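Engineer: Here it is, the structure, as structure tokens.
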Amino acid sequence: MKPVCDICGKSAIGMQCFGCCCSTVCEEHAEPNLQCLKPGEKMEWGTCYFFRFEA
């Protein structure tokens, strides 16, 4: 089953976590730090964490 955006239900591109709050998001609702990642890449930025799903 493909992950879907927690906000709108579209196909999700990744997960973004801000401290203790995480959400799975589509391209439209993703933060710029998540949008710039390539499939499979991860980024940790302070207490924030971004993970782009594999294509």
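Going through the structure tokens in order, the chains are called A, B, and so on, while each chain numbers its residues from 1 and the ligands are numbered from 1 in the order shown.
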DSSP says strand (DSSP E) for which residues of chain A? Put them as a PDB file with all heavy atoms, in the first residue's frame?
Structural biologist:
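Generated file (result18.pdb):
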ATOM      1  N   GLY A  14       7.162  11.705   1.213  1.00  0.00           N
ATOM      2  CA  GLY A  14       8.063  11.487   2.332  1.00  0.00           C
ATOM      3  C   GLY A  14       7.445  11.817   3.676  1.00  0.00           C
ATOM      4  O   GLY A  14       6.248  12.075   3.774  1.00  0.00           O
ATOM      5  N   MET A  15       8.323  11.819   4.681  1.00  0.00           N
ATOM      6  CA  MET A  15       7.899  12.080   6.049  1.00  0.00           C
ATOM      7  C   MET A  15       8.740  13.219   6.603  1.00  0.00           C
ATOM      8  O   MET A  15       9.942  13.305   6.333  1.00  0.00           O
ATOM      9  CB  MET A  15       8.113  10.828   6.899  1.00  0.00           C
ATOM     10  CG  MET A  15       7.696  10.987   8.339  1.00  0.00           C
ATOM     11  SD  MET A  15       7.916   9.461   9.264  1.00  0.00           S
ATOM     12  CE  MET A  15       6.557   8.517   8.585  1.00  0.00           C
ATOM     13  N   GLN A  16       8.096  14.107   7.336  1.00  0.00           N
ATOM     14  CA  GLN A  16       8.801  15.198   7.989  1.00  0.00           C
ATOM     15  C   GLN A  16       8.414  15.224   9.458  1.00  0.00           C
ATOM     16  O   GLN A  16       7.249  15.085   9.798  1.00  0.00           O
ATOM     17  CB  GLN A  16       8.527  16.526   7.290  1.00  0.00           C
ATOM     18  CG  GLN A  16       7.075  16.876   7.094  1.00  0.00           C
ATOM     19  CD  GLN A  16       6.860  18.043   6.136  1.00  0.00           C
ATOM     20  OE1 GLN A  16       7.656  18.322   5.254  1.00  0.00           O
ATOM     21  NE2 GLN A  16       5.754  18.741   6.317  1.00  0.00           N
ATOM     22  N   CYS A  17       9.437  15.381  10.305  1.00  0.00           N
ATOM     23  CA  CYS A  17       9.229  15.390  11.751  1.00  0.00           C
ATOM     24  C   CYS A  17       9.794  16.675  12.323  1.00  0.00           C
ATOM     25  O   CYS A  17      10.924  17.058  12.017  1.00  0.00           O
ATOM     26  CB  CYS A  17       9.926  14.209  12.408  1.00  0.00           C
ATOM     27  SG  CYS A  17       9.331  12.612  11.833  1.00  0.00           S
ATOM     28  N   PHE A  18       9.008  17.337  13.143  1.00  0.00           N
ATOM     29  CA  PHE A  18       9.405  18.560  13.825  1.00  0.00           C
ATOM     30  C   PHE A  18       9.312  18.295  15.320  1.00  0.00           C
ATOM     31  O   PHE A  18       8.221  18.363  15.890  1.00  0.00           O
ATOM     32  CB  PHE A  18       8.512  19.731  13.422  1.00  0.00           C
ATOM     33  CG  PHE A  18       8.473  19.952  11.933  1.00  0.00           C
ATOM     34  CD1 PHE A  18       7.384  19.539  11.180  1.00  0.00           C
ATOM     35  CD2 PHE A  18       9.541  20.549  11.293  1.00  0.00           C
ATOM     36  CE1 PHE A  18       7.353  19.735   9.812  1.00  0.00           C
ATOM     37  CE2 PHE A  18       9.520  20.752   9.923  1.00  0.00           C
ATOM     38  CZ  PHE A  18       8.426  20.347   9.180  1.00  0.00           C
ATOM     39  N   CYS A  21       6.382  15.888  16.512  1.00  0.00           N
ATOM     40  CA  CYS A  21       5.259  15.833  15.570  1.00  0.00           C
ATOM     41  C   CYS A  21       5.737  15.402  14.195  1.00  0.00           C
ATOM     42  O   CYS A  21       6.566  16.074  13.578  1.00  0.00           O
ATOM     43  CB  CYS A  21       4.588  17.201  15.457  1.00  0.00           C
ATOM     44  SG  CYS A  21       3.974  17.823  17.024  1.00  0.00           S
ATOM     45  N   CYS A  22       5.232  14.271  13.709  1.00  0.00           N
ATOM     46  CA  CYS A  22       5.613  13.752  12.392  1.00  0.00           C
ATOM     47  C   CYS A  22       4.388  13.657  11.499  1.00  0.00           C
ATOM     48  O   CYS A  22       3.285  13.390  11.970  1.00  0.00           O
ATOM     49  CB  CYS A  22       6.237  12.374  12.518  1.00  0.00           C
ATOM     50  SG  CYS A  22       7.818  12.375  13.347  1.00  0.00           S
ATOM     51  N   SER A  23       4.619  13.862  10.200  1.00  0.00           N
ATOM     52  CA  SER A  23       3.537  13.686   9.243  1.00  0.00           C
ATOM     53  C   SER A  23       4.093  13.179   7.925  1.00  0.00           C
ATOM     54  O   SER A  23       5.243  13.437   7.571  1.00  0.00           O
ATOM     55  CB  SER A  23       2.757  14.989   9.036  1.00  0.00           C
ATOM     56  OG  SER A  23       3.611  16.020   8.610  1.00  0.00           O
ATOM     57  N   THR A  24       3.259  12.440   7.216  1.00  0.00           N
ATOM     58  CA  THR A  24       3.555  11.962   5.885  1.00  0.00           C
ATOM     59  C   THR A  24       2.891  12.945   4.939  1.00  0.00           C
ATOM     60  O   THR A  24       1.709  13.255   5.100  1.00  0.00           O
ATOM     61  CB  THR A  24       2.979  10.540   5.697  1.00  0.00           C
ATOM     62  OG1 THR A  24       3.509   9.705   6.728  1.00  0.00           O
ATOM     63  CG2 THR A  24       3.342   9.967   4.356  1.00  0.00           C
ATOM     64  N   VAL A  25       3.653  13.465   3.961  1.00  0.00           N
ATOM     65  CA  VAL A  25       3.145  14.554   3.130  1.00  0.00           C
ATOM     66  C   VAL A  25       3.401  14.339   1.638  1.00  0.00           C
ATOM     67  O   VAL A  25       4.319  13.628   1.247  1.00  0.00           O
ATOM     68  CB  VAL A  25       3.769  15.909   3.554  1.00  0.00           C
ATOM     69  CG1 VAL A  25       3.277  16.327   4.922  1.00  0.00           C
ATOM     70  CG2 VAL A  25       5.276  15.867   3.527  1.00  0.00           C
ATOM     71  N   LYS A  42      17.863  11.175   3.419  1.00  0.00           N
ATOM     72  CA  LYS A  42      17.401  11.621   4.730  1.00  0.00           C
ATOM     73  C   LYS A  42      18.160  12.882   5.097  1.00  0.00           C
ATOM     74  O   LYS A  42      19.295  13.080   4.667  1.00  0.00           O
ATOM     75  CB  LYS A  42      17.696  10.556   5.785  1.00  0.00           C
ATOM     76  CG  LYS A  42      17.047   9.234   5.524  1.00  0.00           C
ATOM     77  CD  LYS A  42      17.520   8.205   6.516  1.00  0.00           C
ATOM     78  CE  LYS A  42      16.982   6.834   6.118  1.00  0.00           C
ATOM     79  NZ  LYS A  42      17.491   5.780   6.991  1.00  0.00           N
ATOM     80  N   MET A  43      17.536  13.726   5.907  1.00  0.00           N
ATOM     81  CA  MET A  43      18.203  14.932   6.394  1.00  0.00           C
ATOM     82  C   MET A  43      17.793  15.165   7.839  1.00  0.00           C
ATOM     83  O   MET A  43      16.620  15.068   8.182  1.00  0.00           O
ATOM     84  CB  MET A  43      17.794  16.142   5.561  1.00  0.00           C
ATOM     85  CG  MET A  43      18.333  17.461   6.106  1.00  0.00           C
ATOM     86  SD  MET A  43      17.552  18.911   5.364  1.00  0.00           S
ATOM     87  CE  MET A  43      18.456  19.037   3.840  1.00  0.00           C
ATOM     88  N   GLU A  44      18.783  15.449   8.676  1.00  0.00           N
ATOM     89  CA  GLU A  44      18.518  15.831  10.052  1.00  0.00           C
ATOM     90  C   GLU A  44      18.958  17.280  10.195  1.00  0.00           C
ATOM     91  O   GLU A  44      20.059  17.656   9.790  1.00  0.00           O
ATOM     92  CB  GLU A  44      19.310  14.946  11.008  1.00  0.00           C
ATOM     93  CG  GLU A  44      18.938  15.145  12.440  1.00  0.00           C
ATOM     94  CD  GLU A  44      19.626  14.157  13.355  1.00  0.00           C
ATOM     95  OE1 GLU A  44      19.996  13.065  12.897  1.00  0.00           O
ATOM     96  OE2 GLU A  44      19.795  14.498  14.534  1.00  0.00           O
ATOM     97  N   TRP A  45      18.076  18.118  10.723  1.00  0.00           N
ATOM     98  CA  TRP A  45      18.341  19.543  10.852  1.00  0.00           C
ATOM     99  C   TRP A  45      17.844  19.986  12.214  1.00  0.00           C
ATOM    100  O   TRP A  45      16.651  20.253  12.388  1.00  0.00           O
ATOM    101  CB  TRP A  45      17.648  20.282   9.709  1.00  0.00           C
ATOM    102  CG  TRP A  45      17.990  21.721   9.565  1.00  0.00           C
ATOM    103  CD1 TRP A  45      19.229  22.280   9.510  1.00  0.00           C
ATOM    104  CD2 TRP A  45      17.065  22.799   9.446  1.00  0.00           C
ATOM    105  NE1 TRP A  45      19.137  23.634   9.356  1.00  0.00           N
ATOM    106  CE2 TRP A  45      17.808  23.982   9.315  1.00  0.00           C
ATOM    107  CE3 TRP A  45      15.689  22.895   9.433  1.00  0.00           C
ATOM    108  CZ2 TRP A  45      17.231  25.232   9.188  1.00  0.00           C
ATOM    109  CZ3 TRP A  45      15.106  24.126   9.294  1.00  0.00           C
ATOM    110  CH2 TRP A  45      15.877  25.284   9.176  1.00  0.00           C
ATOM    111  N   CYS A  48      14.590  18.658  13.680  1.00  0.00           N
ATOM    112  CA  CYS A  48      13.758  18.284  12.533  1.00  0.00           C
ATOM    113  C   CYS A  48      14.409  17.148  11.754  1.00  0.00           C
ATOM    114  O   CYS A  48      15.629  17.063  11.658  1.00  0.00           O
ATOM    115  CB  CYS A  48      13.566  19.481  11.603  1.00  0.00           C
ATOM    116  SG  CYS A  48      12.812  20.900  12.393  1.00  0.00           S
ATOM    117  N   TYR A  49      13.584  16.293  11.203  1.00  0.00           N
ATOM    118  CA  TYR A  49      14.056  15.137  10.454  1.00  0.00           C
ATOM    119  C   TYR A  49      13.203  15.004   9.200  1.00  0.00           C
ATOM    120  O   TYR A  49      11.967  15.108   9.279  1.00  0.00           O
ATOM    121  CB  TYR A  49      13.943  13.884  11.333  1.00  0.00           C
ATOM    122  CG  TYR A  49      14.408  12.622  10.683  1.00  0.00           C
ATOM    123  CD1 TYR A  49      15.762  12.351  10.559  1.00  0.00           C
ATOM    124  CD2 TYR A  49      13.497  11.702  10.192  1.00  0.00           C
ATOM    125  CE1 TYR A  49      16.196  11.177   9.960  1.00  0.00           C
ATOM    126  CE2 TYR A  49      13.917  10.534   9.593  1.00  0.00           C
ATOM    127  CZ  TYR A  49      15.282  10.278   9.480  1.00  0.00           C
ATOM    128  OH  TYR A  49      15.704   9.124   8.869  1.00  0.00           O
ATOM    129  N   PHE A  50      13.832  14.778   8.055  1.00  0.00           N
ATOM    130  CA  PHE A  50      13.128  14.640   6.783  1.00  0.00           C
ATOM    131  C   PHE A  50      13.579  13.351   6.108  1.00  0.00           C
ATOM    132  O   PHE A  50      14.778  13.046   6.082  1.00  0.00           O
ATOM    133  CB  PHE A  50      13.443  15.828   5.864  1.00  0.00           C
ATOM    134  CG  PHE A  50      13.116  17.156   6.482  1.00  0.00           C
ATOM    135  CD1 PHE A  50      14.070  17.862   7.194  1.00  0.00           C
ATOM    136  CD2 PHE A  50      11.845  17.698   6.363  1.00  0.00           C
ATOM    137  CE1 PHE A  50      13.769  19.089   7.780  1.00  0.00           C
ATOM    138  CE2 PHE A  50      11.534  18.927   6.947  1.00  0.00           C
ATOM    139  CZ  PHE A  50      12.504  19.608   7.659  1.00  0.00           C
ATOM    140  N   PHE A  51      12.637  12.601   5.569  1.00  0.00           N
ATOM    141  CA  PHE A  51      12.952  11.354   4.862  1.00  0.00           C
ATOM    142  C   PHE A  51      12.116  11.290   3.587  1.00  0.00           C
ATOM    143  O   PHE A  51      10.893  11.331   3.638  1.00  0.00           O
ATOM    144  CB  PHE A  51      12.647  10.135   5.735  1.00  0.00           C
ATOM    145  CG  PHE A  51      12.794   8.823   5.008  1.00  0.00           C
ATOM    146  CD1 PHE A  51      14.032   8.400   4.580  1.00  0.00           C
ATOM    147  CD2 PHE A  51      11.690   8.057   4.732  1.00  0.00           C
ATOM    148  CE1 PHE A  51      14.170   7.206   3.888  1.00  0.00           C
ATOM    149  CE2 PHE A  51      11.807   6.855   4.046  1.00  0.00           C
ATOM    150  CZ  PHE A  51      13.056   6.433   3.621  1.00  0.00           C
ATOM    151  N   ARG A  52      12.790  11.230   2.444  1.00  0.00           N
ATOM    152  CA  ARG A  52      12.117  11.122   1.149  1.00  0.00           C
ATOM    153  C   ARG A  52      11.966   9.645   0.823  1.00  0.00           C
ATOM    154  O   ARG A  52      12.939   8.887   0.853  1.00  0.00           O
ATOM    155  CB  ARG A  52      12.947  11.846   0.068  1.00  0.00           C
ATOM    156  CG  ARG A  52      12.345  11.841  -1.311  1.00  0.00           C
ATOM    157  CD  ARG A  52      11.466  13.052  -1.497  1.00  0.00           C
ATOM    158  NE  ARG A  52      10.844  13.060  -2.799  1.00  0.00           N
ATOM    159  CZ  ARG A  52      10.784  14.125  -3.590  1.00  0.00           C
ATOM    160  NH1 ARG A  52      11.328  15.272  -3.220  1.00  0.00           N
ATOM    161  NH2 ARG A  52      10.192  14.046  -4.739  1.00  0.00           N
TER     162      ARG A  52
END
Engineer: Looking only at helix (DSSP H, G or I) from DSSP on the backbone, list the matching residues of chain A as a list in words.
Structural biologist: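 Matching residues, listed in order: Pro32, Asn33, Leu34 and Gln35 of chain A.
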Engineer: What lies within 7 Å of Pro39 in chain A using only C-alpha atoms, ignoring chain neighbours under 5 positions off, as a list in words?
Structural biologist: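 Skipping anything fewer than 5 positions along the chain leaves Arg52, Phe53, Glu54 and Ala55 of chain A.
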Engineer: Can I get the selected residues back with all heavy atoms, as a PDB file, in the first residue's frame?
Structural biologist:
ATOM      1  N   ARG A  52      12.790  11.230   2.444  1.00  0.00           N
ATOM      2  CA  ARG A  52      12.117  11.122   1.149  1.00  0.00           C
ATOM      3  C   ARG A  52      11.966   9.645   0.823  1.00  0.00           C
ATOM      4  O   ARG A  52      12.939   8.887   0.853  1.00  0.00           O
ATOM      5  CB  ARG A  52      12.947  11.846   0.068  1.00  0.00           C
ATOM      6  CG  ARG A  52      12.345  11.841  -1.311  1.00  0.00           C
ATOM      7  CD  ARG A  52      11.466  13.052  -1.497  1.00  0.00           C
ATOM      8  NE  ARG A  52      10.844  13.060  -2.799  1.00  0.00           N
ATOM      9  CZ  ARG A  52      10.784  14.125  -3.590  1.00  0.00           C
ATOM     10  NH1 ARG A  52      11.328  15.272  -3.220  1.00  0.00           N
ATOM     11  NH2 ARG A  52      10.192  14.046  -4.739  1.00  0.00           N
ATOM     12  N   PHE A  53      10.757   9.210   0.539  1.00  0.00           N
ATOM     13  CA  PHE A  53      10.506   7.804   0.213  1.00  0.00           C
ATOM     14  C   PHE A  53      11.202   7.429  -1.091  1.00  0.00           C
ATOM     15  O   PHE A  53      11.445   8.272  -1.938  1.00  0.00           O
ATOM     16  CB  PHE A  53       8.996   7.527   0.066  1.00  0.00           C
ATOM     17  CG  PHE A  53       8.208   7.739   1.326  1.00  0.00           C
ATOM     18  CD1 PHE A  53       6.945   8.289   1.267  1.00  0.00           C
ATOM     19  CD2 PHE A  53       8.709   7.415   2.568  1.00  0.00           C
ATOM     20  CE1 PHE A  53       6.184   8.492   2.412  1.00  0.00           C
ATOM     21  CE2 PHE A  53       7.968   7.604   3.734  1.00  0.00           C
ATOM     22  CZ  PHE A  53       6.701   8.138   3.641  1.00  0.00           C
ATOM     23  N   GLU A  54      11.500   6.146  -1.233  1.00  0.00           N
ATOM     24  CA  GLU A  54      12.056   5.618  -2.488  1.00  0.00           C
ATOM     25  C   GLU A  54      11.028   5.799  -3.592  1.00  0.00           C
ATOM     26  O   GLU A  54       9.827   5.764  -3.332  1.00  0.00           O
ATOM     27  CB  GLU A  54      12.387   4.127  -2.349  1.00  0.00           C
ATOM     28  CG  GLU A  54      13.511   3.819  -1.372  1.00  0.00           C
ATOM     29  CD  GLU A  54      14.886   4.163  -1.913  1.00  0.00           C
ATOM     30  OE1 GLU A  54      15.063   4.280  -3.139  1.00  0.00           O
ATOM     31  OE2 GLU A  54      15.802   4.294  -1.090  1.00  0.00           O
ATOM     32  N   ALA A  55      11.504   5.993  -4.805  1.00  0.00           N
ATOM     33  CA  ALA A  55      10.589   6.219  -5.946  1.00  0.00           C
ATOM     34  C   ALA A  55       9.832   4.957  -6.293  1.00  0.00           C
ATOM     35  O   ALA A  55      10.174   3.880  -6.030  1.00  0.00           O
ATOM     36  CB  ALA A  55      11.374   6.696  -7.144  1.00  0.00           C
TER      37      ALA A  55
END
